[in-house]
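Novice: Take a look at this one; I'll ask things after.
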Amino acid sequence: MFFLLIYLLVAVAVGYAAIKYVRAESGMIREYKTVIKARLARLVGIYKLSLLILRKPFTYLVILATILSVIASGLNTKYENNLVVVRDPAITGDSHTMLIRFSEPVSVEACSTLLNGLSLEGRCTYYYRVILDHPYQLKKSKKLIYVVLGVEEEVLKSLGLDGRLPEFSFGYSEISEERASDSMIIDEKVLEVTLIRVNGSLLANYLIFYKTPIIPIQGYVGTEPLTVPLQHVLISTYDNVMKLANSSKPLATDIVVTNLSEFTEPLKIFEFLEERYPVTEVAVTGSGYVMYVSEVRIPTPDSLISAILSSITASIIIISIFSSTTPYLTELRNKIFLMGFQPWAMTIVMVGYTLTSIMLPGLITLTYIFISMGGASTLNSMVTLITSWLTSTIYIVLRTKPEKLVTEAYMPPTFRYVLISSVTDVRKLTEYIVKLIKTNEFFTSEEVEWRVEGNEAFIHAKMNYVDSWGSGIDLTIFVSVNGEKSYVNISSVVFGVEEISENMSKSINALAISKIVGGVTAWEATS
Amino acid sequence: MIFVKVVARGSGLKVSAIVSINLLVILLFRNNALTPYLIMLLSMVASAAIIIIDFRLHSILLYVLYVYGSRPNTVRALISLYSLLIASILSLPYLVIDLMSFSSTLTSTFLIALSTLSLIYKNVRGSALITF
């Protein structure tokens, strides 16, 4: 109770302090909101510029070139099963041995089908090796069995077991006695089994093929395989294991063919089996090497060349389009600089443009390719898309980059500026300048006053700079129309409650004046 | 002579030659029946891109031709010839493939590509002239 009271008191005190703090800092929060507004204005400006370029007709060509090239490289993809050759001088002898692995148990007839189909001779050894989704439980020893191995008599003999194990007898390495009775729970059914001790070391080190242990591999640490711990493994005859699997005919997950009459390309064997069985790997040993063919499919070098050529074609077309539009983009860049945008704004606009016109349609096409043509085609198309996007983006960003940062940044830094314009409607011009002052995203207008008399107008504005507290600019603008031209005389005084650096002063001045000069110039050109 | 100058000043010819070589190699490596048609579409896009590339330079050149007394028919013939040249270069991959192994599909694709590209180029180039 006491602690609850203390807790409530502390909470009330903290709440009171928070309210006081927020009230005291509300002025700062207002200032902060203005800064956020200015930042947002810049983002909106960049977004509008991107839209302006995106609406140009050449964008359709860029999109078309991208989509067609991506589809072309996807269509042209040829893939083959992954073939790996491992060299090992330790493998000796002229005879060939083959391992065939399946993703699910298949009939043992698969081996004879293969040998007959390819006119080969050899001796088949079958293995049934499964990792159980729902483990069996040994009641007395309280162990869980995750792996059941069904093997032929010869294998059992080489592991020191009787080749003909009685019904429901299993080899198990984790018992101390020679033979023990136990109850095994299989899917809520209880089965009385006999466990016969098997040498753990022999079982763990028994290989069915080159570096392939009889116990299923769970993963690898470096190149070393990690197998299921022996306490979770049972081994028995084919008959016993098939009874557990409720199968009337013998099944195999792995087949080893020894004494092959002749060397056959594992790729050929894989393709033969693939049409008939869920094969995942075929490996063949020869003198000093092992060849593995897996179900993983990779694009052929031919199709990769095709993908690269597609990307070159797309890049050439897109770059050609960009190169012809560079004058327009450069002009646009100069205009936005005059309106107070930073030099990097154009880079963001162009990267955004290429992302929208190349990457976005490209990714949509990639999704279509993935669904209709598969992973290998998608890989090829992705190469095309990324290469085209990168080259196009680098090209256009370099072309629209200012020649020198200094010459392009916040022009002009002078405190007096005379702008000559062809707009002769003094009222319209004055109202537009006032609008430009009021909408300057870098300043908040504290005072804006103006007066138009005949062919002349006078504007005075006091503007606070949003990025720095207590500093701003005082503008005096005199507009006069003389014949077919109008003259806009701008004078400025930068002020600050604290001492401000020359750099800062120039920057504030340039930001205020350039908006008016750039705005009037652009308005004049577009109206 | 005028034709050579028009061709030499534009970058369209170079671009079409590079694109054409690429398309040829892609066609050589093709393993899908749809590829030739897709390549045809791609060459059409390339053709449109070449129009954009040549637009400014050729507009100026043609304007100069008018100013220096060339007759409209001469200018039209020049445009048609240039259009045919670009279209032929872009359709060249089909011709090469045809020569290597004749196939009626590819021949028809080649003819469609040649005539369509030529028409596209000529029409768009013709409409560009209206601006002057």
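Residue numbering restarts at 1 for every chain of the structure tokens, chains are lettered A, B, ... in their displayed order, and ligands are numbered from 1 as they appear.
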Using only C-alpha atoms, what table do you get, as a Markdown table, when you list each residue of chain A with an atom no more than 8 Å from chain B, its nearest pair of atoms, and their distance in Å rounded to one decimal, rows by chain then rising number?
Specialist:
```
| residue | atom | partner | partner_atom | distance |
| --- | --- | --- | --- | --- |
| A:Leu61 | CA | B:Val45 | CA | 6.3 |
| A:Leu64 | CA | B:Val45 | CA | 7.0 |
| A:Ala65 | CA | B:Val45 | CA | 6.3 |
| A:Leu68 | CA | B:Leu42 | CA | 6.1 |
| A:Ser69 | CA | B:Leu42 | CA | 7.2 |
| A:Ala72 | CA | B:Thr35 | CA | 6.3 |
| A:Leu75 | CA | B:Asn32 | CA | 6.2 |
| A:Asn76 | CA | B:Arg30 | CA | 5.5 |
| A:Thr77 | CA | B:Asn31 | CA | 7.6 |
| A:Lys78 | CA | B:Asn31 | CA | 7.3 |
| A:Asp302 | CA | B:Phe29 | CA | 6.7 |
| A:Ser303 | CA | B:Phe29 | CA | 7.2 |
| A:Ser306 | CA | B:Ile26 | CA | 5.4 |
| A:Leu309 | CA | B:Asn22 | CA | 5.8 |
| A:Ser310 | CA | B:Ile26 | CA | 7.3 |
| A:Ile312 | CA | B:Asn22 | CA | 7.6 |
| A:Thr313 | CA | B:Val19 | CA | 5.6 |
| A:Ile316 | CA | B:Val19 | CA | 7.2 |
| A:Ile317 | CA | B:Ala46 | CA | 5.8 |
| A:Ile318 | CA | B:Ala49 | CA | 7.9 |
| A:Ser320 | CA | B:Ile53 | CA | 6.4 |
| A:Ile321 | CA | B:Ala49 | CA | 5.7 |
| A:Ser323 | CA | B:Ile53 | CA | 7.5 |
| A:Ser324 | CA | B:Ile53 | CA | 5.1 |
```
Novice: For segment 227-234 of chain A, find every residue with an atom within 7 Å (counting only C-alpha atoms), except residues of its own chain fewer than 2 positions away, and show them as a list in words.
Specialist: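 That gives Leu144, Ile145, Tyr146, Val147, Val148, Leu149, Phe170, Gly171, Tyr172, Ser173, Glu174, Gly200, Ile215, Pro216, Ile217, Gln218, Pro225 and Ser236 of chain A.
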Novice: Name the residues in contact with segment 123-130 of chain A at a cut-off of 6 Å, using only C-alpha atoms, excluding same-chain residues fewer than 2 positions from it; report them as a PyMOL selection string.
Specialist: chain A and resi 147-151+252-258
Novice: Deliver the residues from the most recent selection as a file, using N, CA and C atoms, as a short mmCIF file (atom, residue, chain, number, x, y, z; two decimals), in the first residue's frame.
Specialist:
```cif
data_model
loop_
_atom_site.label_atom_id
_atom_site.label_comp_id
_atom_site.auth_asym_id
_atom_site.auth_seq_id
_atom_site.Cartn_x
_atom_site.Cartn_y
_atom_site.Cartn_z
N VAL A 147 15.29 -40.74 -35.90
CA VAL A 147 15.75 -41.34 -37.16
C VAL A 147 15.59 -42.85 -37.13
N VAL A 148 14.99 -43.39 -38.18
CA VAL A 148 14.88 -44.84 -38.31
C VAL A 148 15.61 -45.23 -39.60
N LEU A 149 16.53 -46.20 -39.46
CA LEU A 149 17.31 -46.64 -40.61
C LEU A 149 16.94 -48.08 -40.95
N GLY A 150 16.57 -48.29 -42.21
CA GLY A 150 16.32 -49.65 -42.67
C GLY A 150 17.41 -50.03 -43.66
N VAL A 151 18.17 -51.11 -43.34
CA VAL A 151 19.32 -51.44 -44.18
C VAL A 151 19.33 -52.93 -44.53
N ALA A 252 12.91 -47.15 -50.60
CA ALA A 252 14.29 -46.66 -50.37
C ALA A 252 14.34 -45.15 -50.51
N THR A 253 15.17 -44.54 -49.67
CA THR A 253 15.40 -43.10 -49.81
C THR A 253 16.74 -42.86 -50.50
N ASP A 254 17.62 -43.85 -50.40
CA ASP A 254 18.95 -43.73 -51.03
C ASP A 254 19.28 -45.07 -51.68
N ILE A 255 19.86 -44.99 -52.85
CA ILE A 255 20.30 -46.22 -53.52
C ILE A 255 21.77 -46.04 -53.89
N VAL A 256 22.56 -47.05 -53.53
CA VAL A 256 23.97 -47.02 -53.92
C VAL A 256 24.20 -48.13 -54.94
N VAL A 257 24.76 -47.76 -56.08
CA VAL A 257 25.03 -48.77 -57.13
C VAL A 257 26.54 -48.94 -57.20
N THR A 258 27.00 -50.15 -56.86
CA THR A 258 28.44 -50.42 -56.90
C THR A 258 28.78 -51.23 -58.15
#
```
Novice: In Å, with one decimal, what is the gap from atom CA of Glu498 of chain A to atom CA of Ser471 of chain A?
Specialist: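 Interatomic distance here is 7.7 Å.
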Novice: Run DSSP on the backbone of this structure and report the residues of segment 327-454 of chain A it assigns to helix (DSSP H, G or I), as a VMD selection string.
Specialist: chain A and resid 327 to 338 344 to 373 375 to 399 405 to 408 426 to 438
Novice: Generate the output file for the selected residues, C-alpha atoms, as a short mmCIF file (atom, residue, chain, number, x, y, z; two decimals), in the first residue's frame.
Specialist:
```cif
data_model
loop_
_atom_site.label_atom_id
_atom_site.label_comp_id
_atom_site.auth_asym_id
_atom_site.auth_seq_id
_atom_site.Cartn_x
_atom_site.Cartn_y
_atom_site.Cartn_z
CA PRO A 327 19.26 20.00 -72.41
CA TYR A 328 15.75 19.98 -70.97
CA LEU A 329 16.94 18.48 -67.68
CA THR A 330 19.85 20.94 -67.40
CA GLU A 331 17.46 23.84 -67.95
CA LEU A 332 15.16 22.45 -65.30
CA ARG A 333 18.11 22.08 -62.92
CA ASN A 334 19.12 25.70 -63.41
CA LYS A 335 15.57 26.85 -62.72
CA ILE A 336 15.25 24.91 -59.50
CA PHE A 337 18.61 26.22 -58.30
CA LEU A 338 17.42 29.75 -58.83
CA TRP A 344 21.62 17.57 -54.53
CA ALA A 345 17.92 18.06 -55.20
CA MET A 346 18.35 17.24 -58.89
CA THR A 347 20.29 14.06 -58.01
CA ILE A 348 17.42 12.94 -55.77
CA VAL A 349 14.91 13.82 -58.49
CA MET A 350 16.81 11.83 -61.12
CA VAL A 351 17.40 8.79 -58.88
CA GLY A 352 13.71 8.91 -57.97
CA TYR A 353 12.87 9.17 -61.65
CA THR A 354 14.96 6.15 -62.65
CA LEU A 355 13.58 4.19 -59.69
CA THR A 356 10.03 4.93 -60.80
CA SER A 357 10.48 4.55 -64.54
CA ILE A 358 12.98 1.64 -64.62
CA MET A 359 13.01 -0.17 -61.28
CA LEU A 360 9.28 -0.15 -60.54
CA PRO A 361 8.06 -1.55 -63.91
CA GLY A 362 11.10 -3.84 -63.89
CA LEU A 363 10.19 -5.30 -60.50
CA ILE A 364 6.58 -5.82 -61.58
CA THR A 365 7.84 -7.63 -64.70
CA LEU A 366 10.23 -9.68 -62.54
CA THR A 367 7.30 -10.81 -60.40
CA TYR A 368 5.49 -11.92 -63.55
CA ILE A 369 8.61 -13.75 -64.78
CA PHE A 370 9.05 -15.46 -61.41
CA ILE A 371 5.46 -16.70 -61.47
CA SER A 372 5.43 -17.81 -65.10
CA MET A 373 9.02 -18.84 -65.83
CA GLY A 375 13.68 -18.77 -60.46
CA ALA A 376 16.44 -19.18 -63.06
CA SER A 377 14.71 -16.85 -65.54
CA THR A 378 14.13 -14.37 -62.73
CA LEU A 379 17.84 -14.40 -61.93
CA ASN A 380 18.68 -13.62 -65.55
CA SER A 381 16.10 -10.87 -65.75
CA MET A 382 17.30 -9.43 -62.47
CA VAL A 383 20.82 -9.14 -63.90
CA THR A 384 19.34 -7.21 -66.85
CA LEU A 385 17.22 -4.96 -64.65
CA ILE A 386 19.95 -4.06 -62.16
CA THR A 387 22.57 -3.45 -64.87
CA SER A 388 20.22 -1.26 -66.91
CA TRP A 389 19.10 0.70 -63.86
CA LEU A 390 22.63 1.24 -62.56
CA THR A 391 24.12 2.39 -65.88
CA SER A 392 21.17 4.64 -66.67
CA THR A 393 21.14 6.20 -63.21
CA ILE A 394 24.89 6.81 -63.16
CA TYR A 395 24.72 8.36 -66.62
CA ILE A 396 21.81 10.70 -65.96
CA VAL A 397 23.05 11.75 -62.51
CA LEU A 398 26.46 12.64 -63.96
CA ARG A 399 24.90 14.53 -66.87
CA LEU A 405 29.16 23.23 -56.91
CA VAL A 406 30.28 26.79 -56.04
CA THR A 407 28.89 28.38 -59.19
CA GLU A 408 25.51 26.71 -58.81
CA VAL A 426 2.95 46.03 -62.60
CA ARG A 427 0.11 44.85 -60.35
CA LYS A 428 0.39 41.24 -61.49
CA LEU A 429 4.17 41.31 -61.12
CA THR A 430 3.97 42.83 -57.63
CA GLU A 431 1.36 40.34 -56.49
CA TYR A 432 3.48 37.49 -57.82
CA ILE A 433 6.58 38.75 -56.00
CA VAL A 434 4.56 39.05 -52.76
CA LYS A 435 3.33 35.51 -53.30
CA LEU A 436 6.93 34.33 -53.77
CA ILE A 437 7.95 36.06 -50.54
CA LYS A 438 5.07 34.56 -48.60
#
```
Novice: Figure out the distance between atom CA of Leu138 of chain A and atom CA of Ile175 of chain A, please, to one decimal in Å.
Specialist: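 So the answer is 11.7 Å.
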Novice: From the list A:Phe415, A:Val497, A:Gln137, A:Pro213, which residue is nearest Asp182 of chain A when using only C-alpha atoms?
Specialist: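 Checking each candidate against Asp182 of chain A, we get A:Gln137 as the closest.
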Novice: Report, in Å with one decimal, the straight-line distance from atom CA of Asn81 of chain A to atom CA of Val284 of chain A.
Specialist: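 Computing it gives 14.9 Å between the two atoms.
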Novice: What's the 8 Å shell around Ser445 of chain A, counting only C-alpha atoms, without same-chain residues fewer than 2 positions away, as a PDB file with C-alpha atoms, in the first residue's frame?
Specialist:
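Now in result.pdb:
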```pdb
ATOM      1  CA  ILE A 437       7.952  36.059 -50.537  1.00  0.00           C
ATOM      2  CA  LYS A 438       5.072  34.559 -48.598  1.00  0.00           C
ATOM      3  CA  PHE A 443      11.437  31.946 -44.179  1.00  0.00           C
ATOM      4  CA  GLU A 447       5.643  41.569 -42.282  1.00  0.00           C
ATOM      5  CA  VAL A 448       4.806  41.962 -45.968  1.00  0.00           C
ATOM      6  CA  ALA A 461       9.065  42.432 -46.265  1.00  0.00           C
ATOM      7  CA  LYS A 462      10.554  41.274 -42.998  1.00  0.00           C
ATOM      8  CA  MET A 463      11.247  37.571 -43.055  1.00  0.00           C
ATOM      9  CA  ASN A 464      12.523  35.262 -40.290  1.00  0.00           C
TER      10      ASN A 464
END
```
